[in-house]
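Chemist: Data file final-v9.cif (mmCIF, C-alpha atoms) is appended below.
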data_input
#
loop_
_atom_site.group_PDB
_atom_site.id
_atom_site.type_symbol
_atom_site.label_atom_id
_atom_site.label_comp_id
_atom_site.auth_asym_id
_atom_site.auth_seq_id
_atom_site.Cartn_x
_atom_site.Cartn_y
_atom_site.Cartn_z
ATOM 1 C CA MET G 1 44.485 133.505 94.430
ATOM 2 C CA ILE G 2 45.640 132.342 91.004
ATOM 3 C CA VAL G 3 48.489 129.794 91.048
ATOM 4 C CA TYR G 4 50.228 127.605 88.457
ATOM 5 C CA HIS G 5 50.498 123.828 88.827
ATOM 6 C CA VAL G 6 53.129 121.961 86.804
ATOM 7 C CA CYS G 7 52.414 118.388 85.708
ATOM 8 C CA SER G 8 53.059 115.810 83.019
ATOM 9 C CA PHE G 9 50.598 114.848 80.287
ATOM 10 C CA LYS G 10 50.065 111.494 82.027
ATOM 11 C CA LYS G 11 49.065 113.274 85.264
ATOM 12 C CA LEU G 12 46.776 115.627 83.334
ATOM 13 C CA MET G 13 44.915 112.615 81.941
ATOM 14 C CA ARG G 14 44.638 111.161 85.453
ATOM 15 C CA TYR G 15 43.208 114.467 86.733
ATOM 16 C CA LYS G 16 40.712 114.522 83.866
ATOM 17 C CA LYS G 17 39.597 110.933 84.497
ATOM 18 C CA SER G 18 39.171 111.286 88.273
ATOM 19 C CA GLY G 19 37.957 114.895 88.287
ATOM 20 C CA LYS G 20 40.357 115.826 91.075
ATOM 21 C CA ILE G 21 43.971 116.393 92.019
ATOM 22 C CA LEU G 22 44.939 114.443 95.120
ATOM 23 C CA PRO G 23 46.770 116.172 97.970
ATOM 24 C CA PRO G 24 49.229 117.597 98.491
ATOM 25 C CA VAL G 25 48.456 119.948 95.594
ATOM 26 C CA ARG G 26 51.511 122.138 94.985
ATOM 27 C CA ALA G 27 51.535 125.235 92.825
ATOM 28 C CA TRP G 28 53.598 128.326 92.071
ATOM 29 C CA GLU G 29 52.453 131.881 92.766
ATOM 30 C CA ASN G 30 53.759 133.220 89.454
ATOM 31 C CA ILE G 31 54.072 131.869 85.940
ATOM 32 C CA GLU G 32 57.827 132.545 85.695
ATOM 33 C CA GLN G 33 58.576 130.195 88.598
ATOM 34 C CA ALA G 34 56.220 127.582 87.123
ATOM 35 C CA GLN G 35 58.011 127.837 83.759
ATOM 36 C CA ARG G 36 61.409 127.494 85.437
ATOM 37 C CA PHE G 37 60.202 124.397 87.313
ATOM 38 C CA SER G 38 58.636 122.988 84.144
ATOM 39 C CA ILE G 39 61.906 123.284 82.239
ATOM 40 C CA SER G 40 63.984 121.830 85.083
ATOM 41 C CA THR G 41 61.690 118.792 85.549
ATOM 42 C CA GLY G 42 60.623 118.150 81.958
ATOM 43 C CA ARG G 43 56.946 118.435 82.920
ATOM 44 C CA ARG G 44 55.432 120.361 80.028
ATOM 45 C CA ILE G 45 51.913 121.118 81.268
ATOM 46 C CA ILE G 46 51.219 124.237 83.361
ATOM 47 C CA LEU G 47 47.693 124.532 84.736
ATOM 48 C CA ARG G 48 46.193 127.764 86.024
ATOM 49 C CA LEU G 49 44.309 126.977 89.255
ATOM 50 C CA LYS G 50 42.425 129.006 91.833
ATOM 51 C CA PHE G 51 43.543 128.429 95.420
ATOM 52 C CA PRO G 52 42.023 130.004 98.536
ATOM 53 C CA ASN G 53 43.836 133.180 99.581
ATOM 54 C CA ASN G 54 44.946 131.535 102.823
ATOM 55 C CA ALA G 55 46.658 128.554 101.121
ATOM 56 C CA GLU G 56 49.727 127.501 103.074
ATOM 57 C CA LYS G 57 53.182 128.578 101.831
ATOM 58 C CA LEU G 58 55.461 125.713 100.867
ATOM 59 C CA GLU G 59 58.860 125.926 102.559
ATOM 60 C CA GLY G 60 61.784 126.699 100.315
ATOM 61 C CA HIS G 61 61.013 127.118 96.623
ATOM 62 C CA TYR G 62 62.106 130.767 96.643
ATOM 63 C CA ASN G 63 59.136 131.463 98.940
ATOM 64 C CA GLN G 64 56.949 131.386 95.797
ATOM 65 C CA ALA G 65 55.031 128.114 96.203
ATOM 66 C CA ARG G 66 51.729 127.215 97.851
ATOM 67 C CA VAL G 67 50.242 123.889 98.901
ATOM 68 C CA LEU G 68 46.728 122.563 99.539
ATOM 69 C CA LYS G 69 46.393 119.591 101.833
ATOM 70 C CA THR G 70 42.929 118.752 100.529
ATOM 71 C CA GLU G 71 41.940 117.434 97.124
ATOM 72 C CA TYR G 72 41.354 119.969 94.380
ATOM 73 C CA VAL G 73 38.241 119.549 92.228
ATOM 74 C CA PHE G 74 39.443 119.564 88.649
ATOM 75 C CA ASN G 75 36.981 120.498 85.899
ATOM 76 C CA ILE G 76 38.405 120.273 82.415
ATOM 77 C CA LYS G 77 36.530 120.214 79.139
ATOM 78 C CA ASN G 78 37.472 119.824 75.481
ATOM 79 C CA TYR G 79 40.818 118.080 75.962
#
Represent the structure from my file as structure tokens, please.
Modeler:
Amino acid sequence: MIVYHVCSFKKLMRYKKSGKILPPVRAWENIEQAQRFSISTGRRIILRLKFPNNAEKLEGHYNQARVLKTEYVFNIKNY
């Protein structure tokens, strides 16, 4: 499943350096909810990630969020 993770530039650099996103890894099921969250928090980076189809739903959040309780391997190039 494709999901959208919202983060700050500082976090993006941390992900790039470590090669992973530490749990819990939260993400939105659709880009519109990720954009809304981005605007409301001031976090300007939205990453498109691939979660397993059975990723757990995150309570609340308009029933549109998922969470992984394991680290996410983060491969990024050319940033």
Chemist: Pick out the residues sitting within 10 Å of segment 32-40 of chain G, and hand them over as a list in words; count only C-alpha atoms, and ignore anything fewer than 6 positions along from it in its own chain.
Modeler: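 Those residues are Val3, Tyr4, His5, Val6, Cys7, Ser8, Ile46, Leu47, His61, Tyr62, Gln64 and Ala65 of chain G.
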Chemist: Emit the selected residues as an mmCIF file, in the coordinates of the input, including C-alpha atoms.
Modeler:
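Written out: result-v7.cif:
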data_model
loop_
_atom_site.group_PDB
_atom_site.id
_atom_site.type_symbol
_atom_site.label_atom_id
_atom_site.label_comp_id
_atom_site.auth_asym_id
_atom_site.auth_seq_id
_atom_site.Cartn_x
_atom_site.Cartn_y
_atom_site.Cartn_z
ATOM 1 C CA VAL G 3 48.489 129.794 91.048
ATOM 2 C CA TYR G 4 50.228 127.605 88.457
ATOM 3 C CA HIS G 5 50.498 123.828 88.827
ATOM 4 C CA VAL G 6 53.129 121.961 86.804
ATOM 5 C CA CYS G 7 52.414 118.388 85.708
ATOM 6 C CA SER G 8 53.059 115.810 83.019
ATOM 7 C CA ILE G 46 51.219 124.237 83.361
ATOM 8 C CA LEU G 47 47.693 124.532 84.736
ATOM 9 C CA HIS G 61 61.013 127.118 96.623
ATOM 10 C CA TYR G 62 62.106 130.767 96.643
ATOM 11 C CA GLN G 64 56.949 131.386 95.797
ATOM 12 C CA ALA G 65 55.031 128.114 96.203
#
Chemist: Excluding same-chain residues fewer than 5 positions from Lys11 of chain G, what lies within 10 Å of it counting all atoms listed in the file, as an mmCIF file with C-alpha atoms, in the coordinates of the input?
Modeler:
data_model
loop_
_atom_site.group_PDB
_atom_site.id
_atom_site.type_symbol
_atom_site.label_atom_id
_atom_site.label_comp_id
_atom_site.auth_asym_id
_atom_site.auth_seq_id
_atom_site.Cartn_x
_atom_site.Cartn_y
_atom_site.Cartn_z
ATOM 1 C CA VAL G 6 53.129 121.961 86.804
ATOM 2 C CA LYS G 16 40.712 114.522 83.866
ATOM 3 C CA LYS G 17 39.597 110.933 84.497
ATOM 4 C CA ILE G 21 43.971 116.393 92.019
ATOM 5 C CA ARG G 43 56.946 118.435 82.920
ATOM 6 C CA ILE G 45 51.913 121.118 81.268
#
Chemist: Would you pick out the contacts of Leu22 of chain G at 9 Å or less, using all atoms listed in the file, so that residues sharing its chain but fewer than 3 positions from it are not included, and give the list as a short mmCIF file (atom, residue, chain, number, x, y, z; two decimals) with C-alpha atoms, keeping the file's coordinate frame?
Modeler:
data_model
loop_
_atom_site.label_atom_id
_atom_site.label_comp_id
_atom_site.auth_asym_id
_atom_site.auth_seq_id
_atom_site.Cartn_x
_atom_site.Cartn_y
_atom_site.Cartn_z
CA TYR G 15 43.21 114.47 86.73
CA VAL G 25 48.46 119.95 95.59
CA LYS G 69 46.39 119.59 101.83
CA THR G 70 42.93 118.75 100.53
CA GLU G 71 41.94 117.43 97.12
CA TYR G 72 41.35 119.97 94.38
CA VAL G 73 38.24 119.55 92.23
#
Chemist: Using only C-alpha atoms for the distances, tell me which of G:Phe74, G:Ile2, G:Met13, G:Leu68 is nearest to Glu29 of chain G.
Modeler: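 With only C-alpha atoms as the atom set, the closest residue is G:Ile2.
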Chemist: Which distance in Å separates atom CA of Pro23 of chain G and atom CA of Arg66 of chain G, to one decimal?
Modeler: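 Value for the atom CA of Pro23 of chain G-atom CA of Arg66 of chain G distance: 12.1 Å.
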Chemist: Rounded to one decimal place, report the atom CA of Pro52 of chain G-atom CA of Phe9 of chain G distance in Å.
Modeler: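 We find that atom CA of Pro52 of chain G and atom CA of Phe9 of chain G lie 25.2 Å from each other.
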Chemist: Provide the atom CA of Leu12 of chain G to atom CA of Asn75 of chain G distance in Å, to one decimal place.
Modeler: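 Atom-to-atom, atom CA of Leu12 of chain G to atom CA of Asn75 of chain G, that is 11.2 Å.
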Chemist: Which one of G:Arg44, G:Arg26, G:Lys50, G:Lys57 sits closest to Lys10 of chain G if you count all atoms listed in the file?
Modeler: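 Closest residue, counting all atoms listed in the file: G:Arg44.
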Chemist: Of the candidates G:Met1, G:Thr41, G:Trp28, G:Gly19, which one gets nearest to Glu59 of chain G if we count all atoms listed in the file?
Modeler: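 Ranking G:Met1, G:Thr41, G:Trp28, G:Gly19 by distance to Glu59 of chain G, first place goes to G:Trp28.
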Chemist: Edge lengths and centre in Å to one decimal, as AutoDock Vina command-line options, is what I'm after for the box along x, y and z that holds all listed atoms of segment 50-61 of chain G once 4 Å is added on each side.
Modeler:
--center_x 51.9 --center_y 129.4 --center_z 97.5 --size_x 27.8 --size_y 15.5 --size_z 19.2
Chemist: Of the candidates G:Arg48, G:Ser18, G:Asn54, G:Gly60, which shows the shortest atom-to-atom distance to Ile31 of chain G, using only C-alpha atoms?
Modeler: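 So, comparing all the options, the nearest one is G:Arg48.
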